[in-house]
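Just below is one structure, and these are the notes that go with it.
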Amino acid sequence: MEGMNKIFRSSIVGAAIVASLALAGCSSNGHSEQESFDFSGDTLNVVHDNSYMNVSVSSHSRDDAVVVEVNTQTLAQSPETPAWSLSDGILNLGTPCGGSVVGYCEGSYSIQVPQGTEVLINGQPTSVG
């Protein structure tokens, strides 16, 4: 019986060491993508379905474009290229984080709009910095 306990303890310690080494090999990766869209309206409605992703909006001097940038941090998975689109004053933001069960992904959006543009996020007014 003592031999079995010794083998059991050794296997637990071995598994812990292997797990520690595996996790030490994982590092957080930062990724950024940017895209520009032609825009000529007065109001932009930003639509996205991930309430955990921060969306910041600021104005810029260009009067004909909306610029979208997404920054992601991932661990043990790769970020996805968002399926962005702008049509009829509605900017649809895709998600840069897939539906993977394993790993971690966090992202934030930065949107630049022409000065004087009213911006809504999911239909709710937001401030433009």
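Quick note on naming: the chains in the structure tokens go A, B, ... in the order shown, residues restart at 1 in each chain, and ligands are numbered from 1 in order of appearance.
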
Note to self: as a list in words, please: every residue in segment 50-98 of chain A that DSSP puts in strand (DSSP E or B).
What the structure shows: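 Assigned to strand (DSSP E or B), within segment 50-98 of chain A: Asn54, Val55, Ser56, Val57, Ser58, Ser59, His60, Ala65, Val66, Val67, Val68, Glu69, Val70, Asn71, Thr72, Gln73, Thr74, Leu75, Ser85, Leu86, Ser87, Ile90, Leu91 and Asn92 of chain A.
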
What's around Arg62 of chain A at 10 Å? Count only C-alpha atoms, leave out sequence neighbours fewer than 2 positions away in its own chain, and write the answer as a PDB file with all heavy atoms, in the first residue's frame.
```pdb
ATOM      1  N   SER A  59     -13.367  62.404 -31.923  1.00  0.00           N
ATOM      2  CA  SER A  59     -13.514  63.056 -33.226  1.00  0.00           C
ATOM      3  C   SER A  59     -12.137  63.300 -33.827  1.00  0.00           C
ATOM      4  O   SER A  59     -11.128  63.341 -33.123  1.00  0.00           O
ATOM      5  CB  SER A  59     -14.276  64.376 -33.081  1.00  0.00           C
ATOM      6  OG  SER A  59     -13.565  65.259 -32.253  1.00  0.00           O
ATOM      7  N   HIS A  60     -12.118  63.426 -35.144  1.00  0.00           N
ATOM      8  CA  HIS A  60     -10.878  63.742 -35.840  1.00  0.00           C
ATOM      9  C   HIS A  60     -11.178  64.770 -36.924  1.00  0.00           C
ATOM     10  O   HIS A  60     -12.339  65.084 -37.191  1.00  0.00           O
ATOM     11  CB  HIS A  60     -10.207  62.476 -36.415  1.00  0.00           C
ATOM     12  CG  HIS A  60     -11.028  61.739 -37.427  1.00  0.00           C
ATOM     13  ND1 HIS A  60     -10.838  61.889 -38.771  1.00  0.00           N
ATOM     14  CD2 HIS A  60     -12.039  60.847 -37.300  1.00  0.00           C
ATOM     15  CE1 HIS A  60     -11.688  61.112 -39.425  1.00  0.00           C
ATOM     16  NE2 HIS A  60     -12.435  60.476 -38.548  1.00  0.00           N
ATOM     17  N   ASP A  64     -14.813  62.972 -43.883  1.00  0.00           N
ATOM     18  CA  ASP A  64     -15.402  62.019 -44.809  1.00  0.00           C
ATOM     19  C   ASP A  64     -15.164  60.555 -44.429  1.00  0.00           C
ATOM     20  O   ASP A  64     -15.367  59.667 -45.251  1.00  0.00           O
ATOM     21  CB  ASP A  64     -14.853  62.264 -46.209  1.00  0.00           C
ATOM     22  CG  ASP A  64     -13.345  62.022 -46.293  1.00  0.00           C
ATOM     23  OD1 ASP A  64     -12.676  61.933 -45.240  1.00  0.00           O
ATOM     24  OD2 ASP A  64     -12.831  61.921 -47.428  1.00  0.00           O
ATOM     25  N   ALA A  65     -14.728  60.306 -43.197  1.00  0.00           N
ATOM     26  CA  ALA A  65     -14.381  58.922 -42.860  1.00  0.00           C
ATOM     27  C   ALA A  65     -14.612  58.607 -41.387  1.00  0.00           C
ATOM     28  O   ALA A  65     -14.543  59.477 -40.520  1.00  0.00           O
ATOM     29  CB  ALA A  65     -12.922  58.646 -43.209  1.00  0.00           C
ATOM     30  N   VAL A  66     -14.882  57.339 -41.145  1.00  0.00           N
ATOM     31  CA  VAL A  66     -14.930  56.773 -39.805  1.00  0.00           C
ATOM     32  C   VAL A  66     -13.775  55.783 -39.739  1.00  0.00           C
ATOM     33  O   VAL A  66     -13.605  54.957 -40.650  1.00  0.00           O
ATOM     34  CB  VAL A  66     -16.270  56.041 -39.545  1.00  0.00           C
ATOM     35  CG1 VAL A  66     -16.214  55.230 -38.267  1.00  0.00           C
ATOM     36  CG2 VAL A  66     -17.411  57.033 -39.499  1.00  0.00           C
ATOM     37  N   VAL A  67     -12.974  55.887 -38.691  1.00  0.00           N
ATOM     38  CA  VAL A  67     -11.829  54.999 -38.521  1.00  0.00           C
ATOM     39  C   VAL A  67     -12.088  54.125 -37.296  1.00  0.00           C
ATOM     40  O   VAL A  67     -12.395  54.633 -36.224  1.00  0.00           O
ATOM     41  CB  VAL A  67     -10.514  55.790 -38.348  1.00  0.00           C
ATOM     42  CG1 VAL A  67      -9.339  54.836 -38.166  1.00  0.00           C
ATOM     43  CG2 VAL A  67     -10.284  56.716 -39.532  1.00  0.00           C
ATOM     44  N   GLN A 112     -12.995  56.721 -34.447  1.00  0.00           N
ATOM     45  CA  GLN A 112     -12.832  58.146 -34.720  1.00  0.00           C
ATOM     46  C   GLN A 112     -13.869  58.556 -35.753  1.00  0.00           C
ATOM     47  O   GLN A 112     -14.019  57.887 -36.784  1.00  0.00           O
ATOM     48  CB  GLN A 112     -11.426  58.441 -35.236  1.00  0.00           C
ATOM     49  CG  GLN A 112     -10.344  58.154 -34.223  1.00  0.00           C
ATOM     50  CD  GLN A 112      -8.967  58.452 -34.791  1.00  0.00           C
ATOM     51  OE1 GLN A 112      -8.803  58.755 -35.964  1.00  0.00           O
ATOM     52  NE2 GLN A 112      -7.967  58.366 -33.936  1.00  0.00           N
ATOM     53  N   VAL A 113     -14.574  59.628 -35.459  1.00  0.00           N
ATOM     54  CA  VAL A 113     -15.638  60.111 -36.346  1.00  0.00           C
ATOM     55  C   VAL A 113     -15.358  61.571 -36.712  1.00  0.00           C
ATOM     56  O   VAL A 113     -14.645  62.271 -36.006  1.00  0.00           O
ATOM     57  CB  VAL A 113     -17.028  60.000 -35.661  1.00  0.00           C
ATOM     58  CG1 VAL A 113     -17.358  58.552 -35.354  1.00  0.00           C
ATOM     59  CG2 VAL A 113     -17.103  60.846 -34.404  1.00  0.00           C
ATOM     60  N   PRO A 114     -15.960  62.040 -37.817  1.00  0.00           N
ATOM     61  CA  PRO A 114     -15.822  63.465 -38.158  1.00  0.00           C
ATOM     62  C   PRO A 114     -16.397  64.348 -37.040  1.00  0.00           C
ATOM     63  O   PRO A 114     -17.373  63.972 -36.380  1.00  0.00           O
ATOM     64  CB  PRO A 114     -16.649  63.600 -39.443  1.00  0.00           C
ATOM     65  CG  PRO A 114     -16.666  62.235 -40.036  1.00  0.00           C
ATOM     66  CD  PRO A 114     -16.687  61.302 -38.856  1.00  0.00           C
ATOM     67  N   GLN A 115     -15.780  65.502 -36.839  1.00  0.00           N
ATOM     68  CA  GLN A 115     -16.274  66.432 -35.819  1.00  0.00           C
ATOM     69  C   GLN A 115     -17.732  66.757 -36.068  1.00  0.00           C
ATOM     70  O   GLN A 115     -18.160  66.923 -37.199  1.00  0.00           O
ATOM     71  CB  GLN A 115     -15.439  67.712 -35.821  1.00  0.00           C
ATOM     72  CG  GLN A 115     -14.052  67.507 -35.293  1.00  0.00           C
ATOM     73  CD  GLN A 115     -13.241  68.805 -35.286  1.00  0.00           C
ATOM     74  OE1 GLN A 115     -13.602  69.799 -35.898  1.00  0.00           O
ATOM     75  NE2 GLN A 115     -12.126  68.769 -34.574  1.00  0.00           N
TER      76      GLN A 115
END
```

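Going from atom CA of Asn92 of chain A to atom CA of Val47 of chain A covers 4.9 Å.
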
Next item on the list: Identify, on the basis of only C-alpha atoms, every residue whose closest approach to Thr81 of chain A does not exceed 9 Å; exclude the query and any residue fewer than 5 positions from it along the same chain; express the result as a ChimeraX atom specification.
Entry: /A:33,94-97
